[in-house]
$ cat final01.tsv   # TSV, C-alpha atoms and all ligand atoms
chain	number	residue	atom	x	y	z
X	253	MET	CA	13.15	16.79	14.85
X	254	PRO	CA	14.08	13.21	15.62
X	255	GLN	CA	17.76	12.40	16.00
X	256	ALA	CA	19.76	10.68	13.29
X	257	LEU	CA	20.24	6.94	13.38
X	258	SER	CA	23.40	5.52	14.80
X	259	ASP	CA	26.28	4.83	12.42
X	260	ASN	CA	25.61	1.12	12.25
X	261	GLN	CA	22.59	1.67	10.01
X	262	ARG	CA	23.60	0.01	6.74
X	263	GLY	CA	20.57	0.62	4.54
X	264	LEU	CA	19.13	3.70	2.92
X	265	PHE	CA	15.83	5.29	3.89
X	266	VAL	CA	14.15	7.55	1.31
X	267	THR	CA	10.70	8.99	1.84
X	268	PHE	CA	8.42	10.62	-0.73
X	269	GLU	CA	6.09	13.41	0.28
X	270	GLY	CA	3.60	15.74	-1.37
X	271	GLY	CA	-0.10	16.20	-1.85
X	272	ASP	CA	-2.49	13.47	-2.96
X	273	GLY	CA	-1.87	12.73	-6.63
X	274	ALA	CA	1.53	14.45	-6.73
X	275	GLY	CA	3.05	11.34	-8.31
X	276	LYS	CA	4.74	9.74	-5.29
X	277	SER	CA	3.83	6.12	-5.91
X	278	THR	CA	4.68	6.45	-9.61
X	279	GLN	CA	8.16	7.77	-8.87
X	280	ILE	CA	8.67	5.14	-6.16
X	281	ARG	CA	7.97	2.41	-8.72
X	282	PHE	CA	10.58	3.86	-11.08
X	283	LEU	CA	13.17	4.21	-8.36
X	284	ALA	CA	12.48	0.71	-7.03
X	285	ARG	CA	13.05	-0.76	-10.48
X	286	PHE	CA	16.20	1.30	-10.93
X	287	LEU	CA	17.60	-0.09	-7.67
X	288	GLU	CA	16.45	-3.66	-8.27
X	289	ASP	CA	18.21	-3.56	-11.64
X	290	ARG	CA	21.36	-2.93	-9.63
X	291	GLY	CA	20.78	-5.86	-7.31
X	292	ARG	CA	19.65	-3.90	-4.28
X	293	GLU	CA	17.02	-5.21	-1.90
X	294	VAL	CA	14.20	-2.68	-2.08
X	295	LEU	CA	11.14	-2.31	0.10
X	296	ARG	CA	8.28	-0.22	-1.20
X	297	LEU	CA	6.08	0.86	1.66
X	298	ARG	CA	3.25	3.25	2.25
X	299	GLU	CA	1.99	5.15	5.21
X	300	PRO	CA	-0.37	4.57	6.81
X	301	GLY	CA	-0.01	0.86	6.08
X	302	GLY	CA	2.75	-1.61	5.35
X	303	THR	CA	1.85	-3.91	8.25
X	304	ALA	CA	-1.30	-5.78	9.23
X	305	VAL	CA	-1.91	-3.30	12.05
X	306	GLY	CA	-1.14	-0.34	9.79
X	307	GLU	CA	-3.42	-1.51	6.99
X	308	ALA	CA	-6.27	-1.96	9.47
X	309	LEU	CA	-5.65	1.55	10.85
X	310	ARG	CA	-5.49	2.89	7.28
X	311	ARG	CA	-8.97	1.59	6.57
X	312	VAL	CA	-10.27	3.28	9.73
X	313	VAL	CA	-8.60	6.66	9.18
X	314	LEU	CA	-9.41	7.01	5.47
X	315	ASP	CA	-12.97	5.66	5.55
X	316	PRO	CA	-15.31	8.45	4.35
X	317	ALA	CA	-17.95	6.96	6.69
X	318	HIS	CA	-15.85	8.22	9.63
X	319	GLY	CA	-16.63	11.88	9.03
X	320	ALA	CA	-17.08	12.41	12.78
X	321	MET	CA	-13.46	11.49	13.59
X	322	SER	CA	-11.82	14.13	15.77
X	323	ASP	CA	-8.58	15.73	14.55
X	324	ARG	CA	-6.76	14.45	17.66
X	325	ALA	CA	-7.96	10.91	17.06
X	326	GLU	CA	-6.84	11.20	13.43
X	327	LEU	CA	-3.35	12.31	14.49
X	328	LEU	CA	-2.98	9.44	16.95
X	329	ILE	CA	-4.07	6.84	14.40
X	330	TYR	CA	-1.37	8.01	11.96
X	331	GLU	CA	1.23	7.89	14.75
X	332	ALA	CA	0.13	4.40	15.83
X	333	ALA	CA	0.47	3.09	12.27
X	334	ARG	CA	3.90	4.73	12.04
X	335	ALA	CA	5.21	3.24	15.28
X	336	GLN	CA	4.20	-0.21	14.02
X	337	ILE	CA	5.87	0.06	10.60
X	338	VAL	CA	9.06	1.51	12.09
X	339	ASP	CA	9.46	-1.36	14.55
X	340	GLU	CA	8.12	-4.20	12.44
X	341	VAL	CA	9.46	-3.39	8.99
X	342	ILE	CA	11.67	-0.34	8.51
X	343	ARG	CA	14.28	-0.80	11.25
X	344	PRO	CA	14.89	-4.50	10.50
X	345	ALA	CA	15.14	-3.75	6.76
X	346	LEU	CA	17.67	-0.95	7.27
X	347	ALA	CA	19.66	-3.11	9.65
X	348	ARG	CA	20.11	-5.76	6.93
X	349	GLY	CA	21.14	-3.14	4.37
X	350	ALA	CA	17.94	-2.76	2.33
X	351	VAL	CA	16.79	0.39	0.61
X	352	VAL	CA	13.44	1.47	2.06
X	353	LEU	CA	11.24	3.68	-0.12
X	354	CYS	CA	8.28	4.99	1.82
X	355	ASP	CA	5.26	6.74	0.33
X	356	ARG	CA	4.79	9.37	3.08
X	357	PHE	CA	6.28	9.45	6.58
X	358	TYR	CA	6.26	11.90	9.48
X	359	ASP	CA	6.42	15.03	7.29
X	360	SER	CA	2.87	14.21	6.17
X	361	THR	CA	1.72	14.54	9.76
X	362	VAL	CA	3.39	17.94	10.05
X	363	ALA	CA	1.70	19.06	6.82
X	364	TYR	CA	-1.76	17.45	7.16
X	365	GLN	CA	-2.44	17.40	10.90
X	366	GLY	CA	-0.22	20.44	11.66
X	367	ALA	CA	-0.67	22.92	8.80
X	368	GLY	CA	-3.91	21.36	7.51
X	369	ARG	CA	-5.84	20.67	10.74
X	370	GLY	CA	-4.08	23.30	12.86
X	371	LEU	CA	-2.95	20.93	15.63
X	372	ASP	CA	-0.05	21.99	17.85
X	373	GLY	CA	3.29	21.77	16.03
X	374	ALA	CA	5.40	21.08	19.13
X	375	PHE	CA	3.12	18.21	20.11
X	376	ILE	CA	3.28	16.80	16.58
X	377	ASP	CA	7.09	16.92	16.60
X	378	ALA	CA	7.12	15.07	19.92
X	379	ALA	CA	4.57	12.51	18.72
X	380	ASN	CA	6.60	11.96	15.53
X	381	ARG	CA	9.77	11.46	17.56
X	382	PHE	CA	7.99	8.98	19.80
X	383	ALA	CA	6.49	7.03	16.89
X	384	CYS	CA	9.74	6.94	14.89
X	385	ASP	CA	11.88	6.18	17.91
X	386	GLY	CA	14.62	8.42	16.53
X	387	LEU	CA	14.45	7.25	12.92
X	388	VAL	CA	14.96	10.00	10.30
X	389	PRO	CA	14.88	9.56	6.50
X	390	ASP	CA	18.24	9.95	4.79
X	391	VAL	CA	16.51	11.93	2.05
X	392	THR	CA	12.95	13.10	1.55
X	393	VAL	CA	11.75	13.86	-1.98
X	394	LEU	CA	8.94	16.42	-1.93
X	395	LEU	CA	6.96	16.22	-5.17
X	396	VAL	CA	5.14	19.37	-6.10
X	397	ALA	CA	2.59	19.75	-8.91
X	398	PRO	CA	0.18	22.57	-9.74
X	399	GLU	CA	-3.37	22.14	-8.41
X	400	ALA	CA	-4.86	21.88	-11.90
X	401	ALA	CA	-2.52	19.04	-12.91
X	402	VAL	CA	-3.27	17.14	-9.72
X	403	ARG	CA	-7.01	17.64	-10.16
X	404	SER	CA	-6.94	16.16	-13.64
X	405	ARG	CA	-4.80	13.20	-12.45
X	406	MET	CA	-7.06	12.56	-9.47
X	407	GLY	CA	-10.10	12.67	-11.72
X	408	ARG	CA	-8.93	9.35	-13.14
X	409	ARG	CA	-9.00	7.77	-9.69
X	410	ALA	CA	-12.04	6.02	-8.27
X	411	GLY	CA	-13.68	7.26	-5.03
X	412	ALA	CA	-12.01	9.96	-2.91
X	413	ASP	CA	-11.03	8.92	0.64
X	414	ARG	CA	-11.80	10.94	3.79
X	415	LEU	CA	-8.64	13.08	3.57
X	416	GLU	CA	-9.01	13.66	-0.17
X	417	GLN	CA	-12.51	14.96	0.52
X	418	ALA	CA	-11.22	17.61	2.96
X	419	GLY	CA	-11.55	20.55	0.54
X	420	ASP	CA	-9.35	22.93	-1.42
X	421	ALA	CA	-8.53	25.29	1.46
X	422	PHE	CA	-7.31	22.36	3.56
X	423	HIS	CA	-5.14	21.03	0.72
X	424	ARG	CA	-3.69	24.49	0.13
X	425	ARG	CA	-2.65	24.69	3.79
X	426	VAL	CA	-1.10	21.23	3.45
X	427	ALA	CA	0.91	22.38	0.42
X	428	GLU	CA	2.11	25.40	2.39
X	429	GLY	CA	3.05	23.10	5.25
X	430	PHE	CA	5.21	20.99	2.95
X	431	ALA	CA	6.84	24.10	1.47
X	432	ALA	CA	7.67	25.32	4.98
X	433	LEU	CA	9.27	21.96	5.80
X	434	ALA	CA	11.43	22.13	2.68
X	435	ALA	CA	12.52	25.64	3.61
X	436	ALA	CA	13.33	24.58	7.17
X	437	GLU	CA	15.31	21.44	6.23
X	438	PRO	CA	16.70	21.99	2.73
X	439	GLU	CA	19.44	19.38	3.16
X	440	ARG	CA	17.06	16.51	3.83
X	441	VAL	CA	13.89	17.65	2.04
X	442	ARG	CA	14.55	18.00	-1.70
X	443	THR	CA	11.78	19.61	-3.73
X	444	VAL	CA	11.11	18.22	-7.21
X	445	SER	CA	8.51	19.51	-9.65
X	446	SER	CA	6.29	16.66	-10.82
X	447	GLN	CA	4.60	18.80	-13.41
X	448	LEU	CA	6.87	17.40	-16.12
X	449	GLN	CA	6.59	14.16	-18.08
X	450	ARG	CA	6.99	11.18	-15.78
X	451	VAL	CA	10.48	10.38	-17.09
X	452	ASP	CA	11.64	13.98	-16.66
X	453	THR	CA	10.38	14.00	-13.10
X	454	PHE	CA	12.25	10.74	-12.55
X	455	ARG	CA	15.44	12.35	-13.86
X	456	ALA	CA	14.97	15.21	-11.41
X	457	VAL	CA	14.41	12.72	-8.58
X	458	LEU	CA	17.58	10.80	-9.46
X	459	ALA	CA	19.54	14.03	-9.63
X	460	GLU	CA	18.51	14.83	-6.06
X	461	LEU	CA	19.53	11.35	-4.92
X	462	VAL	CA	23.05	11.37	-6.37
X	463	PRO	CA	24.64	12.26	-3.00
X	464	VAL	CA	23.25	9.05	-1.42
X	465	LEU	CA	23.11	6.95	-4.63
X	466	PRO	CA	26.21	7.68	-6.70
X	467	GLU	CA	25.05	5.15	-9.35
X	468	ALA	CA	22.26	7.60	-10.24
X	469	ALA	CA	24.82	9.96	-11.79
X	470	GLU	CA	25.77	7.47	-14.51
X	471	ALA	CA	22.15	6.58	-15.28
X	472	LEU	CA	21.39	10.26	-15.79
X	473	THR	CA	23.69	10.28	-18.78
X	474	ASP	CA	21.78	7.39	-20.43
X	475	GLY	CA	18.47	8.81	-21.65
X	476	GLU	CA	17.52	5.64	-23.55
X	477	TYR	CA	17.84	3.46	-20.47
X	478	LEU	CA	15.65	5.78	-18.38
X	479	ASP	CA	13.00	6.03	-21.14
X	480	ALA	CA	12.93	2.23	-21.39
X	481	LEU	CA	12.69	1.78	-17.63
X	482	VAL	CA	9.78	4.20	-17.35
X	483	SER	CA	7.83	2.72	-20.25
X	484	GLN	CA	8.36	-0.82	-18.95
X	485	VAL	CA	7.15	0.08	-15.46
X	486	MET	CA	4.14	1.95	-16.87
X	487	ASP	CA	3.31	-1.08	-19.07
X	488	GLU	CA	3.37	-3.34	-16.04
X	489	LYS	CA	1.18	-0.93	-14.14
X	490	ARG	CA	-1.38	-0.96	-16.95
X	491	ARG	CA	-1.39	-4.75	-17.01
X	492	GLU	CA	-1.81	-4.92	-13.24
X	493	ARG	CA	-4.71	-2.50	-13.42
X	494	GLU	CA	-6.33	-4.64	-16.08
X	495	ARG	CA	-5.89	-7.78	-13.94
X	496	GLU	CA	-7.35	-5.96	-10.94
X	497	ARG	CA	-10.33	-4.82	-13.02
X	498	LYS	CA	-10.97	-8.38	-14.15
X	499	ARG	CA	-10.70	-9.67	-10.56
X	500	LYS	CA	-13.22	-7.09	-9.42
X	501	ASN	CA	-15.63	-7.99	-12.21
X	502	ALA	CA	-15.29	-11.68	-11.36
X	503	ARG	CA	-16.05	-10.92	-7.71
X	504	LYS	CA	-19.05	-8.84	-8.73
X	505	ARG	CA	-20.41	-11.67	-10.79
X	506	GLY	CA	-20.08	-13.75	-7.64
X	507	ARG	CA	-17.98	-16.43	-9.25
X	508	GLY	CA	-15.47	-16.33	-6.37
X	509	GLY	CA	-12.88	-18.16	-8.46
X	510	LYS	CA	-9.12	-17.87	-8.49
X	511	GLY	CA	-9.14	-14.11	-9.10
X	512	ALA	CA	-11.29	-13.37	-6.10
X	513	ARG	CA	-9.06	-15.44	-3.80
X	514	GLY	CA	-5.98	-13.66	-5.07
X	515	GLY	CA	-7.52	-10.23	-4.53
X	516	GLY	CA	-6.30	-9.61	-0.99
X	517	SER	CA	-2.87	-8.21	-1.75
X	518	SER	CA	-3.21	-5.45	0.83
X	519	LYS	CA	-4.25	-7.78	3.63
X	520	GLY	CA	-1.99	-8.93	6.39
X	521	PRO	CA	1.51	-8.08	5.18
X	522	ARG	CA	4.16	-8.65	7.82
X	523	GLY	CA	7.27	-7.10	6.42
X	524	GLY	CA	9.82	-7.92	3.73
X	525	LYS	CA	8.10	-8.85	0.52
X	526	GLY	CA	4.73	-8.78	2.26
X	527	ALA	CA	5.34	-5.23	3.30
X	528	ARG	CA	6.03	-4.26	-0.26
X	529	GLY	CA	2.83	-6.04	-1.17
X	530	ALA	CA	1.07	-3.57	1.05
X	531	ALA	CA	2.38	-0.67	-0.94
X	532	ASP	CA	1.52	-2.55	-4.07
X	533	GLY	CA	-1.99	-3.07	-2.81
X	534	LYS	CA	-2.49	0.67	-3.00
X	535	ARG	CA	-3.06	0.63	-6.72
X	536	GLY	CA	-2.78	-3.08	-7.32
X	537	ALA	CA	0.88	-2.84	-8.28
X	538	GLY	CA	3.34	-5.69	-8.37
X	539	LYS	CA	6.86	-6.34	-9.44
X	540	SER	CA	7.99	-8.05	-12.54
X	541	SER	CA	11.19	-10.02	-12.23
X	542	LYS	CA	12.30	-8.63	-15.57
X	543	SER	CA	14.85	-5.89	-15.68
X	544	VAL	CA	15.03	-3.12	-18.20
X	545	LYS	CA	17.96	-3.72	-20.46
X	546	LYS	CA	19.88	-0.82	-21.82
X	547	GLY	CA	18.24	0.63	-24.88
X	548	GLU	CA	15.20	-1.64	-24.66
X	549	HIS	CA	12.00	0.23	-25.47
X	550	ARG	CA	8.56	-1.09	-24.78
X	551	GLY	CA	5.10	0.11	-25.65
X	601	LIG	N1	4.40	13.35	-14.38
X	601	LIG	C1	3.16	12.90	-14.55
X	601	LIG	N2	2.41	13.33	-15.57
X	601	LIG	C2	1.14	12.91	-15.75
X	601	LIG	N3	0.51	12.04	-14.92
X	601	LIG	C3	1.20	11.57	-13.88
X	601	LIG	C4	2.56	11.98	-13.62
X	601	LIG	N4	2.99	11.35	-12.51
X	601	LIG	C5	1.96	10.58	-12.08
X	601	LIG	N5	0.89	10.71	-12.91
X	601	LIG	C6	-0.42	10.04	-12.79
X	601	LIG	O1	-1.15	10.74	-11.79
X	601	LIG	C7	-1.88	9.84	-10.97
X	601	LIG	C8	-1.44	10.00	-9.51
X	601	LIG	O2	-0.10	9.59	-9.41
X	601	LIG	P1	0.39	8.76	-8.14
X	601	LIG	O3	1.81	8.37	-8.40
X	601	LIG	O4	-0.57	7.68	-7.81
X	601	LIG	O5	0.32	9.91	-7.02
X	601	LIG	P2	0.44	9.83	-5.44
X	601	LIG	O6	1.07	8.52	-5.09
X	601	LIG	O7	1.28	10.99	-5.08
X	601	LIG	O8	-0.95	9.97	-4.92
X	601	LIG	C9	-1.61	8.45	-11.53
X	601	LIG	O9	-2.65	8.13	-12.44
X	601	LIG	C10	-0.29	8.61	-12.27
X	601	LIG	O10	-0.14	7.70	-13.35
X	602	LIG	C1	1.06	9.50	6.63
X	602	LIG	C2	-0.06	10.49	6.70
X	602	LIG	C3	-1.00	10.54	5.70
X	602	LIG	N1	-2.03	11.43	5.76
X	602	LIG	C4	-3.05	11.45	4.70
X	602	LIG	C5	-2.56	11.93	3.37
X	602	LIG	C6	-3.40	11.16	2.37
X	602	LIG	O1	-4.55	11.95	2.08
X	602	LIG	C7	-3.79	9.92	3.13
X	602	LIG	C8	-3.04	8.69	2.66
X	602	LIG	O2	-3.57	8.30	1.49
X	602	LIG	P1	-2.70	7.82	0.26
X	602	LIG	O3	-3.65	7.20	-0.68
X	602	LIG	O4	-1.55	6.99	0.70
X	602	LIG	O5	-2.11	9.16	-0.30
X	602	LIG	P2	-2.09	9.65	-1.80
X	602	LIG	O6	-3.51	10.01	-2.12
X	602	LIG	O7	-1.17	10.80	-1.82
X	602	LIG	O8	-1.58	8.50	-2.63
X	602	LIG	O9	-3.50	10.12	4.50
X	602	LIG	C9	-2.14	12.31	6.82
X	602	LIG	O10	-3.09	13.12	6.88
X	602	LIG	N2	-1.21	12.28	7.82
X	602	LIG	C10	-0.17	11.41	7.82
X	602	LIG	O11	0.67	11.39	8.75
$ encode --input "final01.tsv" --output "structure tokens"
Amino acid sequence: MPQALSDNQRGLFVTFEGGDGAGKSTQIRFLARFLEDRGREVLRLREPGGTAVGEALRRVVLDPAHGAMSDRAELLIYEAARAQIVDEVIRPALARGAVVLCDRFYDSTVAYQGAGRGLDGAFIDAANRFACDGLVPDVTVLLVAPEAAVRSRMGRRAGADRLEQAGDAFHRRVAEGFAALAAAEPERVRTVSSQLQRVDTFRAVLAELVPVLPEAAEALTDGEYLDALVSQVMDEKRRERERERKRKNARKRGRGGKGARGGGSSKGPRGGKGARGAADGKRGAGKSSKSVKKGEHRG
């Protein structure tokens, strides 16, 4: 495993792992809002992606048209995207004291290319070390949901990508790979069931983060605040989805107006806010400047 960062790292690096549809990006949104409400600088990132190079590589590696891609090529593309986001975005953000929330990181390579594809584990560890240049997450939240729940959630999503199309046996091996990682590194990799209601899963996530985020302990005693935060974030997500749908329709009709020009949120991010935009681009998310006030319920 890569070595820990030196002591002068001031920020906090939390990664979220788990199968497709486990609820990672949803929980990251909640946690980001929780931290922003407390005045922290938060970067929401995704892997592969989060940089111009990474987003371009993402399109290549996930494109269902690239069915002929070799497993070794696939591994190296993920590592290339990772090296770029570590150097360009994550290290500088941690150095200035930001909280970095990353949707997947090197554990995904261990699970998908190692356990899933059967590539050599020692090589993957070395490649991960090389790509991360010694960077290790402070905490990794592994979200686990039963296959049936994930299937019904994924059913709501449009068009499966190349990895999502890899088949049940592959995804079962991936799940076993994640479970093995959690067993091997129980201090860093904290398993959370995401089978519960979104807010209950969020509570479980916060509980795991108390050692690195002491402010989470107090929030856990305030059920109303957490309910309000979750419903506000979900409301925003619904509105963003609606805007995205309208933009797509406008593009289809070939009007090419304002909406179509604004549709490139996942293109060309270079770090900082742009890098978060890349994560946002995943499902067309964005960030409202509004904070959830204690006891405020929406929707
Ligand atoms: N606890 C939950 N209960 C029901 N649906 C959920 C829950 N968490 C997430 N979802 C929904 O499941 C889908 C996949 O969640 P998402 O956060 O995008 O997963 P991931 O980022 O792991 O692929 C989304 O539609 C999301 O709203
Ligand atoms: C980071 C990483 C992702 N992947 C896969 C997992 C996902 O199927 C895909 C990224 O797609 P993404 O849409 O971000 O994942 P999810 O569906 O969970 O929201 O890439 C790997 O195979 N190896 C890796 O190292």
$ residues_around --input "final01.tsv" --residues "Arg324 (chain X)" --least-positions-apart "5" --cutoff "9 Å" --atoms "only C-alpha atoms" --output "ChimeraX atom specification"
/X:329,365,371
$ write_last_selection --input "final01.tsv" --atoms "C-alpha atoms" --output "PDB file, in the coordinates of the input"
ATOM      1  CA  ILE X 329      -4.070   6.840  14.400  1.00  0.00           C
ATOM      2  CA  GLN X 365      -2.440  17.400  10.900  1.00  0.00           C
ATOM      3  CA  LEU X 371      -2.950  20.930  15.630  1.00  0.00           C
TER       4      LEU X 371
END
$ closest_residue --input "final01.tsv" --among "X:Ala363, X:Ala397, X:Ala431, X:Val341" --to "ligand LIG 601 (chain X)" --atoms "all atoms listed in the file"
X:Ala397
$ residues_near_ligand --input "final01.tsv" --ligand "ligand LIG 601 (chain X)" --cutoff "10 Å" --atoms "all atoms listed in the file" --output "VMD selection string"
chain X and resid 268 to 281 298 355 to 356 394 to 397 401 to 409 445 to 454 486 489 to 490 534 to 535
$ closest_residue --input "final01.tsv" --among "X:Val352, X:Leu264, X:Leu328, X:Ile337" --to "Phe375 (chain X)" --atoms "all atoms listed in the file"
X:Leu328
$ closest_residue --input "final01.tsv" --among "X:Gly368, X:Pro316, X:Pro344, X:Pro438" --to "ligand LIG 602 (chain X)" --atoms "all atoms listed in the file"
X:Gly368
$ atom_distance --input "final01.tsv" --atom1 "CA of Asp413 (chain X)" --atom2 "atom C9 of ligand LIG 602 (chain X)"
11.3 Å
$ atom_distance --input "final01.tsv" --atom1 "CA of Gly302 (chain X)" --atom2 "CA of Glu496 (chain X)"
19.7 Å
$ atom_distance --input "final01.tsv" --atom1 "CA of Arg455 (chain X)" --atom2 "CA of Ala468 (chain X)"
9.1 Å
$ closest_residue --input "final01.tsv" --among "X:Asp289, X:Arg262, X:Arg499, X:Tyr358" --to "Tyr477 (chain X)" --atoms "only C-alpha atoms"
X:Asp289
$ residues_around --input "final01.tsv" --residues "Ala379 (chain X)" --least-positions-apart "4" --cutoff "12 Å" --atoms "all atoms listed in the file" --output "MDAnalysis selection string"
chainID X and resid 253:254 324 327:332 334:335 358:359 361:362 365:366 371:375 383:386
$ closest_residue --input "final01.tsv" --among "X:Ala378, X:Arg503, X:Val391, X:Arg424" --to "Leu458 (chain X)" --atoms "all atoms listed in the file"
X:Val391
$ axis_aligned_box --input "final01.tsv" --around "region 445-460 of chain X" --padding-each-side "6 Å" --output "JSON"
{"center_x": 12.1, "center_y": 14.9, "center_z": -12.1, "size_x": 26.9, "size_y": 21.1, "size_z": 24.0}
$ closest_residue --input "final01.tsv" --among "X:Gly475, X:Lys498, X:Arg369, X:Thr267" --to "Phe422 (chain X)" --atoms "only C-alpha atoms"
X:Arg369
$ residues_around --input "final01.tsv" --residues "Leu287 (chain X)" --least-positions-apart "4" --cutoff "12 Å" --atoms "only C-alpha atoms" --output "ChimeraX atom specification"
/X:264,280-283,291-296,350-353,458,461,465-468,471,481,543-544
